[in-house]
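Pasting final23.cif here (mmCIF, N, CA and C atoms):
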data_final
#
loop_
_atom_site.label_atom_id
_atom_site.label_comp_id
_atom_site.auth_asym_id
_atom_site.auth_seq_id
_atom_site.Cartn_x
_atom_site.Cartn_y
_atom_site.Cartn_z
N SER A 9 -31.92 20.52 -5.44
CA SER A 9 -31.54 19.96 -4.14
C SER A 9 -30.03 19.70 -4.10
N ASN A 10 -29.55 19.37 -2.94
CA ASN A 10 -28.12 19.13 -2.73
C ASN A 10 -27.64 17.92 -3.52
N SER A 11 -28.45 16.88 -3.59
CA SER A 11 -28.04 15.67 -4.30
C SER A 11 -27.97 15.91 -5.81
N ILE A 12 -28.84 16.75 -6.34
CA ILE A 12 -28.78 17.09 -7.77
C ILE A 12 -27.51 17.88 -8.07
N LYS A 13 -27.15 18.80 -7.17
CA LYS A 13 -25.92 19.57 -7.35
C LYS A 13 -24.71 18.64 -7.36
N ARG A 14 -24.71 17.65 -6.46
CA ARG A 14 -23.59 16.70 -6.41
C ARG A 14 -23.52 15.89 -7.69
N CYS A 15 -24.67 15.44 -8.19
CA CYS A 15 -24.70 14.65 -9.44
C CYS A 15 -24.18 15.49 -10.60
N CYS A 16 -24.61 16.75 -10.66
CA CYS A 16 -24.15 17.63 -11.74
C CYS A 16 -22.65 17.88 -11.63
N ALA A 17 -22.17 18.10 -10.42
CA ALA A 17 -20.74 18.34 -10.22
C ALA A 17 -19.94 17.10 -10.62
N HIS A 18 -20.45 15.92 -10.27
CA HIS A 18 -19.77 14.68 -10.64
C HIS A 18 -19.74 14.51 -12.16
N ALA A 19 -20.87 14.72 -12.80
CA ALA A 19 -20.94 14.58 -14.26
C ALA A 19 -20.00 15.57 -14.93
N TYR A 20 -19.97 16.79 -14.44
CA TYR A 20 -19.09 17.81 -15.02
C TYR A 20 -17.62 17.42 -14.85
N SER A 21 -17.29 16.82 -13.70
CA SER A 21 -15.89 16.45 -13.45
C SER A 21 -15.43 15.32 -14.36
N MET A 22 -16.36 14.56 -14.92
CA MET A 22 -16.00 13.43 -15.77
C MET A 22 -15.79 13.84 -17.23
N GLU A 23 -16.02 15.11 -17.54
CA GLU A 23 -15.85 15.59 -18.91
C GLU A 23 -14.50 16.27 -19.06
N GLY A 24 -14.07 16.39 -20.29
CA GLY A 24 -12.85 17.15 -20.56
C GLY A 24 -11.59 16.34 -20.35
N THR A 25 -10.51 17.07 -20.19
CA THR A 25 -9.21 16.43 -20.05
C THR A 25 -8.92 16.10 -18.60
N PRO A 26 -8.18 15.04 -18.36
CA PRO A 26 -7.82 14.68 -16.99
C PRO A 26 -6.93 15.77 -16.37
N PRO A 27 -6.86 15.81 -15.07
CA PRO A 27 -6.03 16.82 -14.42
C PRO A 27 -4.55 16.64 -14.75
N GLN A 28 -3.81 17.72 -14.62
CA GLN A 28 -2.36 17.68 -14.85
C GLN A 28 -1.72 16.81 -13.76
N ILE A 29 -0.80 15.97 -14.16
CA ILE A 29 -0.10 15.10 -13.21
C ILE A 29 1.28 15.70 -12.96
N SER A 30 1.62 15.84 -11.72
CA SER A 30 2.88 16.48 -11.34
C SER A 30 4.08 15.75 -11.95
N GLU A 31 5.05 16.53 -12.37
CA GLU A 31 6.27 15.95 -12.96
C GLU A 31 7.22 15.42 -11.89
N ARG A 32 6.87 15.60 -10.62
CA ARG A 32 7.74 15.05 -9.57
C ARG A 32 7.63 13.53 -9.52
N TYR A 33 6.57 12.98 -10.15
CA TYR A 33 6.41 11.53 -10.23
C TYR A 33 7.16 11.00 -11.44
N SER A 34 7.58 9.74 -11.37
CA SER A 34 8.28 9.12 -12.49
C SER A 34 7.38 9.09 -13.72
N GLN A 35 8.01 9.00 -14.89
CA GLN A 35 7.24 8.94 -16.13
C GLN A 35 6.33 7.72 -16.14
N GLU A 36 6.84 6.60 -15.60
CA GLU A 36 6.03 5.38 -15.55
C GLU A 36 4.76 5.59 -14.72
N LEU A 37 4.91 6.25 -13.58
CA LEU A 37 3.75 6.49 -12.73
C LEU A 37 2.79 7.48 -13.38
N GLN A 38 3.32 8.50 -14.02
CA GLN A 38 2.46 9.46 -14.74
C GLN A 38 1.64 8.75 -15.81
N ASP A 39 2.30 7.87 -16.57
CA ASP A 39 1.60 7.13 -17.63
C ASP A 39 0.50 6.24 -17.04
N LEU A 40 0.83 5.57 -15.94
CA LEU A 40 -0.16 4.69 -15.30
C LEU A 40 -1.36 5.50 -14.81
N ILE A 41 -1.10 6.64 -14.20
CA ILE A 41 -2.20 7.48 -13.71
C ILE A 41 -3.08 7.93 -14.87
N ARG A 42 -2.45 8.32 -15.98
CA ARG A 42 -3.24 8.73 -17.16
C ARG A 42 -4.13 7.58 -17.64
N GLN A 43 -3.56 6.37 -17.68
CA GLN A 43 -4.35 5.21 -18.10
C GLN A 43 -5.52 4.97 -17.14
N MET A 44 -5.24 5.10 -15.85
CA MET A 44 -6.28 4.84 -14.85
C MET A 44 -7.39 5.90 -14.90
N LEU A 45 -7.05 7.11 -15.34
CA LEU A 45 -8.03 8.19 -15.42
C LEU A 45 -8.74 8.27 -16.77
N SER A 46 -8.50 7.30 -17.63
CA SER A 46 -9.14 7.30 -18.94
C SER A 46 -10.65 7.36 -18.80
N CYS A 47 -11.28 8.19 -19.65
CA CYS A 47 -12.75 8.32 -19.61
C CYS A 47 -13.44 7.02 -20.00
N ASP A 48 -12.82 6.26 -20.89
CA ASP A 48 -13.41 5.00 -21.35
C ASP A 48 -12.91 3.87 -20.45
N PRO A 49 -13.80 3.24 -19.70
CA PRO A 49 -13.39 2.15 -18.80
C PRO A 49 -12.63 1.03 -19.50
N LYS A 50 -12.90 0.82 -20.79
CA LYS A 50 -12.20 -0.23 -21.54
C LYS A 50 -10.72 0.07 -21.68
N ASP A 51 -10.36 1.35 -21.62
CA ASP A 51 -8.96 1.75 -21.77
C ASP A 51 -8.20 1.73 -20.44
N ARG A 52 -8.91 1.55 -19.34
CA ARG A 52 -8.27 1.54 -18.03
C ARG A 52 -7.67 0.16 -17.75
N PRO A 53 -6.50 0.13 -17.10
CA PRO A 53 -5.90 -1.17 -16.76
C PRO A 53 -6.67 -1.85 -15.63
N SER A 54 -6.64 -3.17 -15.64
CA SER A 54 -7.26 -3.93 -14.55
C SER A 54 -6.35 -3.86 -13.32
N ALA A 55 -6.87 -4.28 -12.20
CA ALA A 55 -6.07 -4.30 -10.97
C ALA A 55 -4.85 -5.20 -11.15
N ASP A 56 -5.04 -6.35 -11.80
CA ASP A 56 -3.91 -7.26 -12.03
C ASP A 56 -2.86 -6.62 -12.93
N GLU A 57 -3.30 -5.90 -13.95
CA GLU A 57 -2.35 -5.22 -14.84
C GLU A 57 -1.58 -4.14 -14.09
N ILE A 58 -2.26 -3.43 -13.22
CA ILE A 58 -1.59 -2.38 -12.43
C ILE A 58 -0.55 -3.01 -11.51
N LEU A 59 -0.95 -4.05 -10.79
CA LEU A 59 -0.04 -4.68 -9.84
C LEU A 59 1.13 -5.39 -10.51
N ALA A 60 0.99 -5.71 -11.80
CA ALA A 60 2.07 -6.39 -12.53
C ALA A 60 3.12 -5.42 -13.05
N LYS A 61 2.90 -4.12 -12.89
CA LYS A 61 3.88 -3.14 -13.38
C LYS A 61 5.19 -3.33 -12.62
N PRO A 62 6.31 -3.51 -13.33
CA PRO A 62 7.59 -3.76 -12.66
C PRO A 62 7.96 -2.67 -11.65
N PHE A 63 7.69 -1.41 -11.97
CA PHE A 63 8.09 -0.36 -11.04
C PHE A 63 7.26 -0.41 -9.75
N LEU A 64 6.05 -0.92 -9.82
CA LEU A 64 5.24 -1.08 -8.61
C LEU A 64 5.68 -2.31 -7.82
N GLU A 65 6.05 -3.38 -8.53
CA GLU A 65 6.56 -4.57 -7.84
C GLU A 65 7.81 -4.22 -7.05
N ASP A 66 8.70 -3.42 -7.64
CA ASP A 66 9.92 -3.00 -6.94
C ASP A 66 9.58 -2.18 -5.70
N ALA A 67 8.60 -1.29 -5.82
CA ALA A 67 8.21 -0.45 -4.67
C ALA A 67 7.64 -1.31 -3.55
N VAL A 68 6.85 -2.31 -3.90
CA VAL A 68 6.29 -3.21 -2.89
C VAL A 68 7.41 -3.96 -2.19
N LYS A 69 8.38 -4.46 -2.95
CA LYS A 69 9.50 -5.19 -2.35
C LYS A 69 10.29 -4.29 -1.41
N ARG A 70 10.52 -3.03 -1.81
CA ARG A 70 11.25 -2.10 -0.94
C ARG A 70 10.50 -1.85 0.35
N ASN A 71 9.19 -1.73 0.26
CA ASN A 71 8.39 -1.45 1.45
C ASN A 71 8.23 -2.67 2.34
N MET A 72 8.44 -3.87 1.80
CA MET A 72 8.34 -5.08 2.60
C MET A 72 9.53 -5.23 3.54
N LYS A 73 10.63 -4.53 3.27
CA LYS A 73 11.82 -4.65 4.12
C LYS A 73 11.54 -4.15 5.52
N ILE A 74 10.69 -3.16 5.67
CA ILE A 74 10.39 -2.64 7.00
C ILE A 74 9.68 -3.71 7.84
N PRO A 75 8.61 -4.33 7.35
CA PRO A 75 7.98 -5.37 8.16
C PRO A 75 8.92 -6.54 8.45
N GLU A 76 9.80 -6.90 7.50
CA GLU A 76 10.74 -7.98 7.74
C GLU A 76 11.66 -7.64 8.89
N ALA A 77 12.12 -6.38 8.95
CA ALA A 77 13.00 -5.95 10.04
C ALA A 77 12.26 -6.02 11.37
N LEU A 78 11.01 -5.60 11.38
CA LEU A 78 10.22 -5.68 12.61
C LEU A 78 9.98 -7.12 13.02
N GLU A 79 9.76 -7.98 12.04
CA GLU A 79 9.55 -9.40 12.33
C GLU A 79 10.80 -9.99 12.97
N GLN A 80 11.97 -9.66 12.43
CA GLN A 80 13.22 -10.17 12.99
C GLN A 80 13.42 -9.68 14.43
N LYS A 81 13.08 -8.41 14.67
CA LYS A 81 13.20 -7.86 16.02
C LYS A 81 12.26 -8.58 16.98
N LEU A 82 11.04 -8.86 16.53
CA LEU A 82 10.07 -9.57 17.36
C LEU A 82 10.56 -10.99 17.67
N ILE A 83 11.08 -11.67 16.66
CA ILE A 83 11.60 -13.03 16.87
C ILE A 83 12.73 -13.02 17.88
N LYS A 84 13.61 -12.04 17.78
CA LYS A 84 14.73 -11.93 18.73
C LYS A 84 14.20 -11.68 20.14
N SER A 85 13.21 -10.81 20.27
CA SER A 85 12.64 -10.52 21.59
C SER A 85 11.99 -11.76 22.19
N ILE A 86 11.26 -12.50 21.39
CA ILE A 86 10.61 -13.73 21.88
C ILE A 86 11.66 -14.74 22.29
N SER A 87 12.71 -14.86 21.50
CA SER A 87 13.79 -15.79 21.83
C SER A 87 14.45 -15.41 23.15
N THR A 88 14.71 -14.12 23.34
CA THR A 88 15.32 -13.65 24.59
C THR A 88 14.40 -13.94 25.77
N PHE A 89 13.10 -13.71 25.59
CA PHE A 89 12.14 -14.01 26.65
C PHE A 89 12.13 -15.50 26.97
N ASP A 90 12.10 -16.35 25.92
CA ASP A 90 12.10 -17.80 26.14
C ASP A 90 13.33 -18.25 26.91
N GLU A 91 14.48 -17.71 26.54
CA GLU A 91 15.72 -18.08 27.25
C GLU A 91 15.64 -17.69 28.72
N ALA A 92 15.17 -16.47 28.99
CA ALA A 92 15.06 -16.01 30.38
C ALA A 92 14.04 -16.84 31.14
N TYR A 93 12.91 -17.14 30.49
CA TYR A 93 11.87 -17.93 31.15
C TYR A 93 12.39 -19.32 31.48
N ASN A 94 13.05 -19.97 30.52
CA ASN A 94 13.57 -21.32 30.75
C ASN A 94 14.64 -21.32 31.83
N LYS A 95 15.46 -20.30 31.85
CA LYS A 95 16.55 -20.21 32.84
C LYS A 95 15.99 -20.04 34.25
N HIS A 96 14.89 -19.32 34.37
CA HIS A 96 14.33 -19.02 35.68
C HIS A 96 12.95 -19.64 35.88
N TYR A 97 12.72 -20.76 35.21
CA TYR A 97 11.41 -21.41 35.23
C TYR A 97 10.91 -21.68 36.65
N GLU A 98 11.76 -22.26 37.48
CA GLU A 98 11.35 -22.62 38.84
C GLU A 98 10.95 -21.38 39.64
N GLN A 99 11.67 -20.28 39.44
CA GLN A 99 11.33 -19.05 40.16
C GLN A 99 9.99 -18.50 39.69
N PHE A 100 9.73 -18.61 38.41
CA PHE A 100 8.44 -18.15 37.88
C PHE A 100 7.30 -19.00 38.43
N GLU A 101 7.52 -20.31 38.53
CA GLU A 101 6.48 -21.21 39.01
C GLU A 101 6.10 -20.91 40.45
N THR A 102 7.05 -20.51 41.28
CA THR A 102 6.72 -20.21 42.67
C THR A 102 5.88 -18.94 42.78
N LEU A 103 5.98 -18.06 41.80
CA LEU A 103 5.18 -16.83 41.81
C LEU A 103 3.72 -17.10 41.46
N VAL A 104 3.49 -18.16 40.70
CA VAL A 104 2.13 -18.46 40.23
C VAL A 104 1.39 -19.25 41.20
#
Just dump the structure as structure tokens.
Amino acid sequence: SNSIKRCCAHAYSMEGTPPQISERYSQELQDLIRQMLSCDPKDRPSADEILAKPFLEDAVKRNMKIPEALEQKLIKSISTFDEAYNKHYEQFETLV
């Protein structure tokens, strides 16, 4: 049946050597991927160990700059709206 074929394919994929990891990735990332693909679960790093890797912490910090920039833009927009609303409060009230 189809499910037996899937089980066999999965079991077969778990044997042998892990796939080749592209050299376009840093050596640190290649090493981490190899550890994560270890056949023995005891040899695999935990989620906390993975997230504690300095090169991943740096990547997270770099990616956080984008949301911070968006947050600053949103704060500025809200501030501009508040100023306009307060300046023209009476005119807004007559519309409501």
When the PyMOL selection byres (((chain A and resi 42 and name CA) around 12) and name CA) is applied to the structure above, which residues does it catch, written out as a PDB file with N, CA and C atoms, in the frame of the given file?
ATOM      1  N   THR A  25     -10.510  17.070 -20.190  1.00  0.00           N
ATOM      2  CA  THR A  25      -9.210  16.430 -20.050  1.00  0.00           C
ATOM      3  C   THR A  25      -8.920  16.100 -18.600  1.00  0.00           C
ATOM      4  N   PRO A  26      -8.180  15.040 -18.360  1.00  0.00           N
ATOM      5  CA  PRO A  26      -7.820  14.680 -16.990  1.00  0.00           C
ATOM      6  C   PRO A  26      -6.930  15.770 -16.370  1.00  0.00           C
ATOM      7  N   PRO A  27      -6.860  15.810 -15.070  1.00  0.00           N
ATOM      8  CA  PRO A  27      -6.030  16.820 -14.420  1.00  0.00           C
ATOM      9  C   PRO A  27      -4.550  16.640 -14.750  1.00  0.00           C
ATOM     10  N   GLN A  28      -3.810  17.720 -14.620  1.00  0.00           N
ATOM     11  CA  GLN A  28      -2.360  17.680 -14.850  1.00  0.00           C
ATOM     12  C   GLN A  28      -1.720  16.810 -13.760  1.00  0.00           C
ATOM     13  N   ILE A  29      -0.800  15.970 -14.160  1.00  0.00           N
ATOM     14  CA  ILE A  29      -0.100  15.100 -13.210  1.00  0.00           C
ATOM     15  C   ILE A  29       1.280  15.700 -12.960  1.00  0.00           C
ATOM     16  N   SER A  30       1.620  15.840 -11.720  1.00  0.00           N
ATOM     17  CA  SER A  30       2.880  16.480 -11.340  1.00  0.00           C
ATOM     18  C   SER A  30       4.080  15.750 -11.950  1.00  0.00           C
ATOM     19  N   GLN A  35       8.010   9.000 -14.890  1.00  0.00           N
ATOM     20  CA  GLN A  35       7.240   8.940 -16.130  1.00  0.00           C
ATOM     21  C   GLN A  35       6.330   7.720 -16.140  1.00  0.00           C
ATOM     22  N   GLU A  36       6.840   6.600 -15.600  1.00  0.00           N
ATOM     23  CA  GLU A  36       6.030   5.380 -15.550  1.00  0.00           C
ATOM     24  C   GLU A  36       4.760   5.590 -14.720  1.00  0.00           C
ATOM     25  N   LEU A  37       4.910   6.250 -13.580  1.00  0.00           N
ATOM     26  CA  LEU A  37       3.750   6.490 -12.730  1.00  0.00           C
ATOM     27  C   LEU A  37       2.790   7.480 -13.380  1.00  0.00           C
ATOM     28  N   GLN A  38       3.320   8.500 -14.020  1.00  0.00           N
ATOM     29  CA  GLN A  38       2.460   9.460 -14.740  1.00  0.00           C
ATOM     30  C   GLN A  38       1.640   8.750 -15.810  1.00  0.00           C
ATOM     31  N   ASP A  39       2.300   7.870 -16.570  1.00  0.00           N
ATOM     32  CA  ASP A  39       1.600   7.130 -17.630  1.00  0.00           C
ATOM     33  C   ASP A  39       0.500   6.240 -17.040  1.00  0.00           C
ATOM     34  N   LEU A  40       0.830   5.570 -15.940  1.00  0.00           N
ATOM     35  CA  LEU A  40      -0.160   4.690 -15.300  1.00  0.00           C
ATOM     36  C   LEU A  40      -1.360   5.500 -14.810  1.00  0.00           C
ATOM     37  N   ILE A  41      -1.100   6.640 -14.200  1.00  0.00           N
ATOM     38  CA  ILE A  41      -2.200   7.480 -13.710  1.00  0.00           C
ATOM     39  C   ILE A  41      -3.080   7.930 -14.870  1.00  0.00           C
ATOM     40  N   GLN A  43      -3.560   6.370 -17.680  1.00  0.00           N
ATOM     41  CA  GLN A  43      -4.350   5.210 -18.100  1.00  0.00           C
ATOM     42  C   GLN A  43      -5.520   4.970 -17.140  1.00  0.00           C
ATOM     43  N   MET A  44      -5.240   5.100 -15.850  1.00  0.00           N
ATOM     44  CA  MET A  44      -6.280   4.840 -14.850  1.00  0.00           C
ATOM     45  C   MET A  44      -7.390   5.900 -14.900  1.00  0.00           C
ATOM     46  N   LEU A  45      -7.050   7.110 -15.340  1.00  0.00           N
ATOM     47  CA  LEU A  45      -8.030   8.190 -15.420  1.00  0.00           C
ATOM     48  C   LEU A  45      -8.740   8.270 -16.770  1.00  0.00           C
ATOM     49  N   SER A  46      -8.500   7.300 -17.630  1.00  0.00           N
ATOM     50  CA  SER A  46      -9.140   7.300 -18.940  1.00  0.00           C
ATOM     51  C   SER A  46     -10.650   7.360 -18.800  1.00  0.00           C
ATOM     52  N   CYS A  47     -11.280   8.190 -19.650  1.00  0.00           N
ATOM     53  CA  CYS A  47     -12.750   8.320 -19.610  1.00  0.00           C
ATOM     54  C   CYS A  47     -13.440   7.020 -20.000  1.00  0.00           C
ATOM     55  N   ASP A  48     -12.820   6.260 -20.890  1.00  0.00           N
ATOM     56  CA  ASP A  48     -13.410   5.000 -21.350  1.00  0.00           C
ATOM     57  C   ASP A  48     -12.910   3.870 -20.450  1.00  0.00           C
ATOM     58  N   ASP A  51     -10.360   1.350 -21.620  1.00  0.00           N
ATOM     59  CA  ASP A  51      -8.960   1.750 -21.770  1.00  0.00           C
ATOM     60  C   ASP A  51      -8.200   1.730 -20.440  1.00  0.00           C
ATOM     61  N   ARG A  52      -8.910   1.550 -19.340  1.00  0.00           N
ATOM     62  CA  ARG A  52      -8.270   1.540 -18.030  1.00  0.00           C
ATOM     63  C   ARG A  52      -7.670   0.160 -17.750  1.00  0.00           C
ATOM     64  N   PRO A  53      -6.500   0.130 -17.100  1.00  0.00           N
ATOM     65  CA  PRO A  53      -5.900  -1.170 -16.760  1.00  0.00           C
ATOM     66  C   PRO A  53      -6.670  -1.850 -15.630  1.00  0.00           C
TER      67      PRO A  53
END
For CA of Phe89 in chain A and CA of Thr102 in chain A, the interatomic separation in Å (one decimal)
18.0 Å
What does the distance from CA of Asp56 in chain A to CA of Lys73 in chain A come to in Å, to one decimal?
22.7 Å
What is the CA of Asn94 in chain A to CA of Lys81 in chain A distance in Å?
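It comes out at 20.0 Å.
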Can you tell me, as a ChimeraX atom specification, which residues in chain A count as helix (DSSP H, G or I) by DSSP?
/A:10-21,35-44,49-51,55-59,62-95,97-103
Residue among A:Ser85, A:Phe63, A:Glu91, A:Glu98 lying closest to Ser34 in chain A, counting only C-alpha atoms:
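That would be A:Phe63, the residue with the smallest distance to Ser34 in chain A.
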Kindly write N, CA and C atoms of range 83-97 of chain A from the structure just given to a file, as a PDB file, in the first residue's frame.
ATOM      1  N   ILE A  83       5.467  54.609  15.410  1.00  0.00           N
ATOM      2  CA  ILE A  83       5.386  55.573  16.513  1.00  0.00           C
ATOM      3  C   ILE A  83       5.341  56.997  15.972  1.00  0.00           C
ATOM      4  N   LYS A  84       6.161  57.276  14.973  1.00  0.00           N
ATOM      5  CA  LYS A  84       6.174  58.616  14.373  1.00  0.00           C
ATOM      6  C   LYS A  84       4.833  58.917  13.714  1.00  0.00           C
ATOM      7  N   SER A  85       4.268  57.941  13.018  1.00  0.00           N
ATOM      8  CA  SER A  85       2.969  58.141  12.363  1.00  0.00           C
ATOM      9  C   SER A  85       1.870  58.407  13.388  1.00  0.00           C
ATOM     10  N   ILE A  86       1.872  57.655  14.473  1.00  0.00           N
ATOM     11  CA  ILE A  86       0.870  57.850  15.524  1.00  0.00           C
ATOM     12  C   ILE A  86       1.032  59.222  16.155  1.00  0.00           C
ATOM     13  N   SER A  87       2.268  59.619  16.391  1.00  0.00           N
ATOM     14  CA  SER A  87       2.535  60.930  16.971  1.00  0.00           C
ATOM     15  C   SER A  87       2.034  62.042  16.053  1.00  0.00           C
ATOM     16  N   THR A  88       2.291  61.907  14.757  1.00  0.00           N
ATOM     17  CA  THR A  88       1.830  62.903  13.783  1.00  0.00           C
ATOM     18  C   THR A  88       0.307  62.964  13.775  1.00  0.00           C
ATOM     19  N   PHE A  89      -0.346  61.799  13.819  1.00  0.00           N
ATOM     20  CA  PHE A  89      -1.805  61.760  13.862  1.00  0.00           C
ATOM     21  C   PHE A  89      -2.322  62.436  15.126  1.00  0.00           C
ATOM     22  N   ASP A  90      -1.717  62.116  16.279  1.00  0.00           N
ATOM     23  CA  ASP A  90      -2.149  62.721  17.543  1.00  0.00           C
ATOM     24  C   ASP A  90      -2.036  64.237  17.499  1.00  0.00           C
ATOM     25  N   GLU A  91      -0.927  64.731  16.965  1.00  0.00           N
ATOM     26  CA  GLU A  91      -0.743  66.183  16.867  1.00  0.00           C
ATOM     27  C   GLU A  91      -1.828  66.810  15.994  1.00  0.00           C
ATOM     28  N   ALA A  92      -2.096  66.198  14.848  1.00  0.00           N
ATOM     29  CA  ALA A  92      -3.119  66.731  13.943  1.00  0.00           C
ATOM     30  C   ALA A  92      -4.500  66.656  14.588  1.00  0.00           C
ATOM     31  N   TYR A  93      -4.781  65.543  15.264  1.00  0.00           N
ATOM     32  CA  TYR A  93      -6.078  65.381  15.916  1.00  0.00           C
ATOM     33  C   TYR A  93      -6.260  66.430  17.006  1.00  0.00           C
ATOM     34  N   ASN A  94      -5.244  66.614  17.852  1.00  0.00           N
ATOM     35  CA  ASN A  94      -5.339  67.591  18.931  1.00  0.00           C
ATOM     36  C   ASN A  94      -5.469  69.013  18.391  1.00  0.00           C
ATOM     37  N   LYS A  95      -4.781  69.299  17.317  1.00  0.00           N
ATOM     38  CA  LYS A  95      -4.813  70.644  16.725  1.00  0.00           C
ATOM     39  C   LYS A  95      -6.195  70.951  16.145  1.00  0.00           C
ATOM     40  N   HIS A  96      -6.847  69.935  15.606  1.00  0.00           N
ATOM     41  CA  HIS A  96      -8.133  70.139  14.939  1.00  0.00           C
ATOM     42  C   HIS A  96      -9.271  69.410  15.655  1.00  0.00           C
ATOM     43  N   TYR A  97      -9.127  69.247  16.960  1.00  0.00           N
ATOM     44  CA  TYR A  97     -10.086  68.479  17.749  1.00  0.00           C
ATOM     45  C   TYR A  97     -11.517  68.982  17.567  1.00  0.00           C
TER      46      TYR A  97
END
